[in-house]
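Undergrad: The file below is protein_37.cif, mmCIF, C-alpha atoms and all ligand atoms:
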```cif
data_structure
loop_
_atom_site.label_atom_id
_atom_site.label_comp_id
_atom_site.auth_asym_id
_atom_site.auth_seq_id
_atom_site.Cartn_x
_atom_site.Cartn_y
_atom_site.Cartn_z
CA MET A 19 -58.55 -275.65 131.20
CA ARG A 20 -54.82 -275.26 130.40
CA SER A 21 -53.85 -278.93 130.55
CA LEU A 22 -55.38 -282.39 130.81
CA SER A 23 -53.78 -285.77 131.53
CA LEU A 24 -55.07 -289.24 130.66
CA THR A 25 -53.89 -292.81 130.90
CA ALA A 26 -54.27 -295.20 127.97
CA ALA A 27 -54.23 -298.96 128.55
CA ALA A 28 -52.59 -301.63 126.40
CA LYS A 29 -54.55 -304.69 125.27
CA ILE A 30 -53.85 -308.36 124.74
CA ASN A 31 -55.57 -310.67 122.28
CA LEU A 32 -57.08 -313.56 124.14
CA TYR A 33 -58.15 -314.72 120.67
CA LEU A 34 -57.31 -313.78 117.08
CA GLU A 35 -58.69 -315.86 114.23
CA ILE A 36 -58.45 -314.77 110.61
CA THR A 37 -61.65 -315.93 108.97
CA GLY A 38 -61.38 -314.36 105.52
CA ASP A 39 -59.75 -312.04 103.00
CA ARG A 40 -61.50 -308.73 102.38
CA PRO A 41 -61.72 -306.87 99.09
CA ASP A 42 -60.39 -303.72 100.83
CA GLY A 43 -57.06 -305.47 101.50
CA TYR A 44 -57.78 -306.13 105.18
CA HIS A 45 -58.62 -309.48 106.78
CA GLU A 46 -61.88 -310.53 108.35
CA LEU A 47 -61.22 -311.25 112.02
CA VAL A 48 -62.75 -312.74 115.15
CA MET A 49 -60.89 -311.39 118.17
CA VAL A 50 -61.37 -311.32 121.92
CA LEU A 51 -59.53 -308.37 123.40
CA GLN A 52 -58.69 -307.53 127.00
CA SER A 53 -57.39 -304.25 128.46
CA ILE A 54 -54.43 -304.58 130.81
CA ASP A 55 -52.92 -302.25 133.41
CA LEU A 56 -49.84 -301.37 131.37
CA ARG A 57 -50.50 -297.74 130.45
CA ASP A 58 -49.10 -294.80 128.55
CA ARG A 59 -49.69 -291.30 129.94
CA ILE A 60 -50.86 -288.48 127.69
CA THR A 61 -50.88 -284.79 128.63
CA LEU A 62 -52.57 -282.15 126.49
CA ARG A 63 -51.49 -278.49 126.87
CA ARG A 64 -52.96 -275.48 125.15
CA ARG A 65 -50.63 -273.67 122.73
CA SER A 66 -50.66 -269.95 122.03
CA ASP A 67 -50.60 -270.63 118.26
CA ASP A 68 -52.70 -273.10 116.24
CA HIS A 69 -50.02 -275.78 115.81
CA LEU A 70 -50.34 -279.45 116.79
CA THR A 71 -47.09 -280.72 118.32
CA LEU A 72 -46.00 -284.00 119.91
CA GLU A 73 -43.22 -284.89 122.30
CA VAL A 74 -42.46 -288.56 123.04
CA ILE A 75 -40.81 -289.57 126.33
CA PRO A 76 -38.37 -291.32 126.18
CA GLU A 77 -37.42 -289.45 123.04
CA GLY A 78 -37.14 -291.68 119.97
CA LEU A 79 -39.10 -294.60 121.44
CA ALA A 80 -41.98 -293.88 119.04
CA PRO A 81 -42.05 -291.50 116.07
CA ALA A 82 -43.02 -287.94 117.03
CA ASP A 83 -44.18 -287.16 113.49
CA ALA A 84 -47.43 -287.35 111.50
CA THR A 85 -47.31 -291.18 111.49
CA ASN A 86 -47.98 -291.22 115.25
CA LEU A 87 -51.65 -292.03 115.93
CA ALA A 88 -51.74 -289.49 118.78
CA LEU A 89 -50.97 -286.69 116.34
CA ARG A 90 -53.24 -288.13 113.64
CA ALA A 91 -56.12 -288.26 116.13
CA ALA A 92 -55.51 -284.62 117.07
CA ARG A 93 -55.42 -283.62 113.40
CA ILE A 94 -58.74 -285.35 112.61
CA LEU A 95 -60.49 -283.37 115.38
CA TRP A 96 -58.64 -280.13 114.64
CA GLU A 97 -59.56 -280.21 110.94
CA ARG A 98 -63.28 -280.55 111.65
CA THR A 99 -63.36 -277.78 114.29
CA PRO A 100 -62.76 -274.18 113.17
CA ASN A 101 -60.62 -271.86 115.36
CA VAL A 102 -60.00 -274.39 118.09
CA GLY A 103 -56.36 -273.38 118.59
CA GLY A 104 -53.28 -275.52 118.96
CA VAL A 105 -52.26 -278.25 121.38
CA HIS A 106 -49.01 -279.75 122.59
CA ILE A 107 -49.22 -283.48 123.32
CA THR A 108 -46.76 -285.14 125.68
CA LEU A 109 -46.74 -288.90 125.36
CA GLU A 110 -45.01 -290.89 128.11
CA LYS A 111 -44.52 -294.34 126.62
CA HIS A 112 -44.63 -297.37 128.87
CA ILE A 113 -46.26 -299.76 126.38
CA PRO A 114 -43.63 -301.34 124.10
CA VAL A 115 -43.71 -300.25 120.45
CA GLY A 116 -44.20 -303.02 117.88
CA GLY A 117 -45.32 -305.29 120.67
CA GLY A 118 -48.81 -306.31 119.51
CA LEU A 119 -50.30 -304.50 122.52
CA ALA A 120 -52.05 -301.69 120.60
CA GLY A 121 -49.81 -299.04 122.18
CA GLY A 122 -50.18 -296.64 119.25
CA SER A 123 -53.92 -297.30 118.94
CA THR A 124 -54.63 -296.63 122.60
CA ASP A 125 -52.65 -293.36 122.45
CA GLY A 126 -54.83 -292.33 119.49
CA ALA A 127 -58.00 -293.25 121.40
CA ALA A 128 -56.83 -291.25 124.43
CA VAL A 129 -56.22 -288.14 122.31
CA LEU A 130 -59.74 -288.44 120.84
CA VAL A 131 -61.28 -288.69 124.33
CA GLY A 132 -58.97 -286.05 125.80
CA LEU A 133 -59.44 -283.41 123.10
CA ASN A 134 -63.21 -283.98 123.14
CA HIS A 135 -63.08 -282.75 126.77
CA PHE A 136 -60.28 -280.24 126.33
CA TRP A 137 -61.88 -278.48 123.36
CA ASP A 138 -65.43 -279.10 124.64
CA LEU A 139 -66.48 -280.67 121.32
CA GLY A 140 -69.53 -282.52 122.65
CA LEU A 141 -68.90 -285.68 120.58
CA ASN A 142 -70.75 -288.76 121.82
CA HIS A 143 -69.34 -292.30 121.99
CA ALA A 144 -70.72 -293.22 118.54
CA ASP A 145 -69.08 -290.13 116.96
CA LEU A 146 -65.76 -291.00 118.60
CA CYS A 147 -66.05 -294.64 117.41
CA THR A 148 -66.50 -293.50 113.80
CA LEU A 149 -63.38 -291.34 114.02
CA ALA A 150 -61.51 -294.13 115.84
CA ALA A 151 -62.23 -296.61 113.03
CA GLN A 152 -60.68 -294.14 110.55
CA LEU A 153 -57.50 -294.10 112.61
CA GLY A 154 -57.01 -297.88 112.83
CA SER A 155 -58.75 -301.21 113.30
CA ASP A 156 -57.88 -301.51 117.03
CA VAL A 157 -58.71 -297.91 117.99
CA PRO A 158 -62.49 -298.45 118.53
CA PHE A 159 -61.73 -301.21 121.06
CA CYS A 160 -59.22 -298.93 122.78
CA LEU A 161 -61.95 -296.31 123.24
CA GLN A 162 -64.11 -298.88 124.97
CA GLY A 163 -61.72 -301.16 126.84
CA GLY A 164 -62.46 -304.00 129.25
CA THR A 165 -63.19 -307.37 127.66
CA ALA A 166 -64.77 -307.38 124.19
CA LEU A 167 -65.40 -309.31 121.00
CA ALA A 168 -64.08 -307.51 117.92
CA THR A 169 -65.13 -308.56 114.42
CA GLY A 170 -65.04 -307.15 110.88
CA ARG A 171 -61.52 -305.80 110.46
CA GLY A 172 -61.50 -305.40 114.25
CA GLU A 173 -63.54 -302.21 114.43
CA VAL A 174 -66.92 -303.83 115.26
CA VAL A 175 -66.72 -304.03 119.04
CA THR A 176 -69.20 -305.90 121.24
CA PRO A 177 -68.65 -305.78 125.02
CA LEU A 178 -68.28 -309.05 126.91
CA PRO A 179 -68.68 -309.51 130.67
CA ASN A 180 -65.52 -308.27 132.34
CA VAL A 181 -63.15 -311.10 133.05
CA GLY A 182 -62.64 -310.72 136.81
CA SER A 183 -59.11 -310.82 138.11
CA LEU A 184 -56.67 -311.89 135.43
CA THR A 185 -52.96 -311.99 136.17
CA MET A 186 -50.23 -312.59 133.65
CA VAL A 187 -46.60 -312.17 132.72
CA LEU A 188 -45.89 -310.24 129.54
CA ALA A 189 -42.57 -311.11 127.95
CA LYS A 190 -40.91 -309.71 124.85
CA PRO A 191 -37.44 -310.13 123.32
CA LYS A 192 -35.71 -306.77 123.87
CA ALA A 193 -35.30 -304.60 120.78
CA LEU A 194 -37.54 -306.83 118.68
CA ALA A 195 -40.58 -305.25 117.06
CA VAL A 196 -42.87 -307.03 114.58
CA SER A 197 -44.61 -305.07 111.84
CA THR A 198 -48.36 -305.74 111.76
CA VAL A 199 -48.48 -304.97 108.03
CA TRP A 200 -45.73 -307.55 107.42
CA ALA A 201 -47.50 -310.20 109.54
CA TYR A 202 -50.83 -309.96 107.68
CA LYS A 203 -49.11 -309.68 104.29
CA THR A 204 -47.09 -312.83 104.98
CA PHE A 205 -50.19 -314.65 106.24
CA ARG A 206 -51.82 -313.89 102.88
CA ALA A 207 -48.69 -314.69 100.80
CA GLU A 208 -48.28 -318.06 102.53
CA ARG A 209 -51.98 -318.85 101.98
CA LEU A 210 -52.42 -319.83 105.62
CA LEU A 211 -56.17 -319.19 105.58
CA SER A 212 -56.78 -322.50 103.83
CA THR A 213 -54.91 -324.53 106.45
CA SER A 214 -56.46 -323.11 109.63
CA PRO A 215 -56.10 -325.61 112.50
CA VAL A 216 -59.14 -324.14 114.28
CA HIS A 217 -61.52 -323.97 111.34
CA GLY A 218 -64.65 -325.91 112.29
CA GLN A 219 -63.25 -326.59 115.78
CA HIS A 220 -65.57 -324.20 117.70
CA TYR A 221 -62.71 -322.56 119.61
CA SER A 222 -64.21 -319.07 119.50
CA GLN A 223 -67.71 -320.35 120.33
CA ASN A 224 -66.36 -322.28 123.32
CA LEU A 225 -64.38 -319.28 124.53
CA LEU A 226 -67.31 -316.86 124.12
CA ARG A 227 -69.71 -319.23 125.88
CA ALA A 228 -67.33 -319.57 128.84
CA LEU A 229 -66.75 -315.81 129.06
CA ASN A 230 -70.48 -315.07 128.84
CA HIS A 231 -71.03 -317.54 131.70
CA HIS A 232 -68.33 -315.89 133.84
CA ALA A 233 -66.42 -319.20 133.90
CA PRO A 234 -63.07 -319.23 135.74
CA VAL A 235 -59.93 -318.75 133.65
CA GLU A 236 -58.91 -322.42 134.08
CA GLU A 237 -62.00 -323.37 132.05
CA TRP A 238 -61.42 -321.11 129.06
CA ALA A 239 -57.62 -320.95 128.90
CA PRO A 240 -57.49 -323.98 126.52
CA TRP A 241 -59.53 -322.05 123.89
CA LEU A 242 -57.11 -319.15 123.52
CA TYR A 243 -55.65 -318.95 120.02
CA ASN A 244 -53.79 -316.59 117.67
CA ASP A 245 -53.57 -317.28 113.91
CA LEU A 246 -50.68 -314.82 113.51
CA GLU A 247 -48.42 -317.13 115.55
CA ARG A 248 -48.40 -319.31 112.42
CA VAL A 249 -46.53 -316.63 110.50
CA VAL A 250 -44.59 -314.80 113.22
CA LEU A 251 -43.11 -317.75 115.18
CA PRO A 252 -41.47 -319.47 112.16
CA HIS A 253 -39.86 -316.15 111.09
CA HIS A 254 -38.78 -314.95 114.55
CA GLY A 255 -36.93 -317.73 116.36
CA ALA A 256 -36.47 -315.53 119.47
CA ILE A 257 -40.25 -315.35 119.99
CA ALA A 258 -40.74 -319.08 119.34
CA GLN A 259 -37.98 -319.91 121.82
CA LEU A 260 -39.40 -317.55 124.44
CA LYS A 261 -42.81 -319.18 124.03
CA SER A 262 -41.32 -322.57 124.76
CA VAL A 263 -39.45 -321.24 127.84
CA LEU A 264 -42.70 -319.72 129.16
CA GLN A 265 -44.57 -322.97 128.55
CA ASN A 266 -41.94 -325.07 130.32
CA PRO A 267 -40.28 -323.11 133.12
CA GLU A 268 -39.67 -324.89 136.45
CA PRO A 269 -42.59 -327.32 136.92
CA ASP A 270 -44.28 -325.37 139.72
CA LEU A 271 -44.19 -322.17 137.64
CA ARG A 272 -46.02 -323.57 134.61
CA PRO A 273 -48.69 -321.07 133.45
CA LEU A 274 -52.26 -321.86 132.39
CA GLN A 275 -51.64 -320.76 128.81
CA VAL A 276 -49.04 -318.89 126.74
CA LEU A 277 -49.97 -316.96 123.61
CA MET A 278 -48.65 -314.20 121.39
CA SER A 279 -50.62 -310.94 121.49
CA GLY A 280 -51.67 -309.46 118.13
CA SER A 281 -48.81 -309.65 115.63
CA GLY A 282 -46.23 -309.92 118.48
CA ALA A 283 -43.50 -309.52 119.55
CA THR A 284 -45.06 -309.77 123.05
CA LEU A 285 -46.20 -313.06 124.57
CA PHE A 286 -48.44 -313.35 127.61
CA ALA A 287 -48.48 -316.19 130.12
CA LEU A 288 -51.72 -316.44 132.10
CA CYS A 289 -51.11 -317.32 135.75
CA GLY A 290 -53.34 -318.71 138.49
CA ASP A 291 -52.67 -315.79 140.84
CA ARG A 292 -50.39 -312.84 141.47
CA ALA A 293 -47.79 -314.77 143.49
CA HIS A 294 -47.47 -317.23 140.60
CA ALA A 295 -47.04 -314.36 138.09
CA ILE A 296 -44.42 -312.61 140.23
CA ALA A 297 -42.42 -315.84 140.56
CA LEU A 298 -42.64 -316.55 136.81
CA GLY A 299 -41.65 -312.94 136.02
CA GLU A 300 -38.58 -313.27 138.29
CA PHE A 301 -37.66 -316.58 136.66
CA ILE A 302 -37.78 -314.98 133.19
CA ARG A 303 -35.76 -311.94 134.28
CA HIS A 304 -33.07 -314.16 135.82
CA THR A 305 -32.80 -316.76 133.08
CA GLN A 306 -33.49 -314.68 129.95
CA PRO A 307 -31.28 -311.56 129.89
CA GLU A 308 -32.45 -310.69 126.37
CA VAL A 309 -36.10 -310.56 127.42
CA GLU A 310 -38.10 -307.83 129.15
CA ALA A 311 -40.95 -308.99 131.39
CA TRP A 312 -43.82 -307.32 133.22
CA VAL A 313 -46.44 -308.64 135.66
CA VAL A 314 -49.79 -307.13 134.62
CA HIS A 315 -53.51 -307.56 135.29
CA GLY A 316 -56.70 -307.28 133.30
CA GLN A 317 -58.70 -304.10 133.82
CA GLY A 318 -62.27 -303.13 132.97
CA HIS A 319 -61.57 -299.86 131.15
CA SER A 320 -59.04 -298.40 128.74
CA ILE A 321 -58.87 -294.58 128.74
CA ALA A 322 -59.12 -292.67 132.03
CA LEU A 323 -58.70 -289.05 133.04
CA ASP A 324 -55.65 -288.88 135.31
O1 LIG B 1 -56.10 -300.87 110.78
P1 LIG B 1 -54.64 -300.74 111.00
O2 LIG B 1 -54.05 -299.55 110.28
O3 LIG B 1 -54.22 -300.76 112.43
O4 LIG B 1 -54.00 -302.02 110.35
C1 LIG B 1 -52.61 -302.13 110.10
C2 LIG B 1 -52.36 -303.14 109.01
O5 LIG B 1 -52.67 -304.46 109.47
C3 LIG B 1 -53.23 -302.95 107.78
O6 LIG B 1 -52.63 -302.04 106.89
C4 LIG B 1 -53.27 -304.35 107.21
O7 LIG B 1 -52.09 -304.61 106.51
C5 LIG B 1 -53.28 -305.23 108.45
N1 LIG B 1 -54.62 -305.62 108.88
C6 LIG B 1 -55.31 -306.56 108.14
N2 LIG B 1 -56.58 -306.93 108.52
C7 LIG B 1 -57.13 -306.40 109.64
C8 LIG B 1 -56.44 -305.45 110.42
C9 LIG B 1 -55.17 -305.09 109.99
O8 LIG B 1 -54.81 -307.06 107.13
N3 LIG B 1 -58.35 -306.79 109.99
#
```
Could I get this structure in the form of structure tokens?
TA:
Amino acid sequence: MRSLSLTAAAKINLYLEITGDRPDGYHELVMVLQSIDLRDRITLRRRSDDHLTLEVIPEGLAPADATNLALRAARILWERTPNVGGVHITLEKHIPVGGGLAGGSTDGAAVLVGLNHFWDLGLNHADLCTLAAQLGSDVPFCLQGGTALATGRGEVVTPLPNVGSLTMVLAKPKALAVSTVWAYKTFRAERLLSTSPVHGQHYSQNLLRALNHHAPVEEWAPWLYNDLERVVLPHHGAIAQLKSVLQNPEPDLRPLQVLMSGSGATLFALCGDRAHAIALGEFIRHTQPEVEAWVVHGQGHSIALD
């Protein structure tokens, strides 16, 4: 095999609650994650030497150096496999960087899956999950995809029944990226754990019960929640303002729910159907020139051979 291509799906957080501080510096989380059909494309090509190289398209959109999770994933596998040779990775970015959509994590997951095939390593799903957790808290979910509960620091992934058809508008202020490290650090510095508005309110239990019973989106949309909005929205007026525009567009375009994904800067607006999402997306594009918007859908997997 000289080359192999894969697609890697973004995710949204239907739920993100910070339930504790951890001694390792991370936070204890309860998250519900959902893969969406916004995808990067990764191509692996054999090299004649034993170097690991990365090219990002468009150039400069994400770092093409050792901080990129695609390259880090390749290095982890390369270091544990003698004489495997080199690989050139081409990463076509469609998922915004710094958007809270796990774009970097899903690229890393795709390289793990892809090189396992490409180099015929014979690693099983559990082996890949262990390596994924070393790369980042969201990478194990990105290996699995679909709809899932993620706990611990995010790396303990339990599948949930696939949410059927889910249609939404993603919207993000152009050129705004939020650092995940900054968001969690500020959450800790501002001691927001002690003032949780959902503590003892059974939001996550209600959401999980509805999802496990295959309830329609209208029933569980009220239980969506993201603790990181409490730090990101007050510091980034553009995201707060966009949230309010999405919540109150023209009356017949009002979505079921609007929430920030991960640490932002992307918001998602859940819509009743595709026609509704297309109309809301058009409204945002016409009225908010500083915002980029996509109509996307939930999907039941994350990494796929192309
Ligand atoms: O695991 P990952 O490298 O993706 O996490 C990025 C950063 O997000 C961590 O360095 C940490 O600052 C923060 N984080 C956290 N608690 C988590 C997950 C991430 O504080 N459960």
Undergrad: Can you measure atom CA of A:Asp55 to atom O3 of ligand LIG 1 (chain B) for me? One decimal in Å is fine.
TA: 21.1 Å
Undergrad: Residues up to 7 Å from ligand LIG 1 (chain B), counting all atoms listed in the file: could you list those as a list in words?
TA: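 Counting only what the definition allows, namely all atoms listed in the file, the set is Gly43, Tyr44, His45, Glu46, Leu47, Leu153, Gly154, Ser155, Asp156, Gly170, Arg171, Gly172, Thr198, Val199, Tyr202 and Lys203 of chain A.
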Undergrad: May I ask for the distance between atom CA of A:Pro179 and atom CA of A:Leu242, given in Å to one decimal place?
TA: 16.7 Å
Undergrad: Between A:Asn180, A:Thr108, A:Thr165, A:Thr124, which is the closest to A:Ala150 once you count all atoms listed in the file?
TA: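 The answer is A:Thr124, which sits nearest to A:Ala150.
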Undergrad: From the list A:Leu32, A:Ala297, A:Ile257, A:Ala128, which residue is nearest A:Val235 when using all atoms listed in the file?
TA: A:Leu32
Undergrad: Could you list, as a list of chain:residue names, every residue within 10 Å of A:Pro273, counting all atoms listed in the file and ignoring same-chain residues fewer than 3 positions away?
TA: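 In the requested format, the answer is A:Met186, A:Val187, A:Leu264, A:Gln265, A:Asn266, A:Pro267, A:Pro269, A:Asp270, A:Val276, A:Phe286, A:Ala287, A:Leu288, A:Cys289, A:Gly290, A:Asp291, A:His294, A:Ala295, A:Leu298.
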Undergrad: Atom CA of A:Pro41 to atom CA of A:Ala201: how many Å, to one decimal?
TA: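 Computed distance, atom CA of A:Pro41 to atom CA of A:Ala201, equals 18.0 Å.
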Undergrad: Could you tell me which of A:Thr99, A:Asn230, A:Thr284, A:Asn31 comes closest to A:Ile113 if we count only C-alpha atoms?
TA: A:Thr284
Undergrad: Considering only C-alpha atoms, can you say which of A:Leu62, A:Asp68, A:Ala189, A:Gly38 comes closest to A:His135?
TA: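 Of A:Leu62, A:Asp68, A:Ala189, A:Gly38, the one nearest A:His135 is A:Leu62, counting only C-alpha atoms.
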Undergrad: Of the candidates A:Val131, A:Gly117, A:Lys190, A:Met19, which one gets nearest to A:Gln162 if we count only C-alpha atoms?
TA: A:Val131
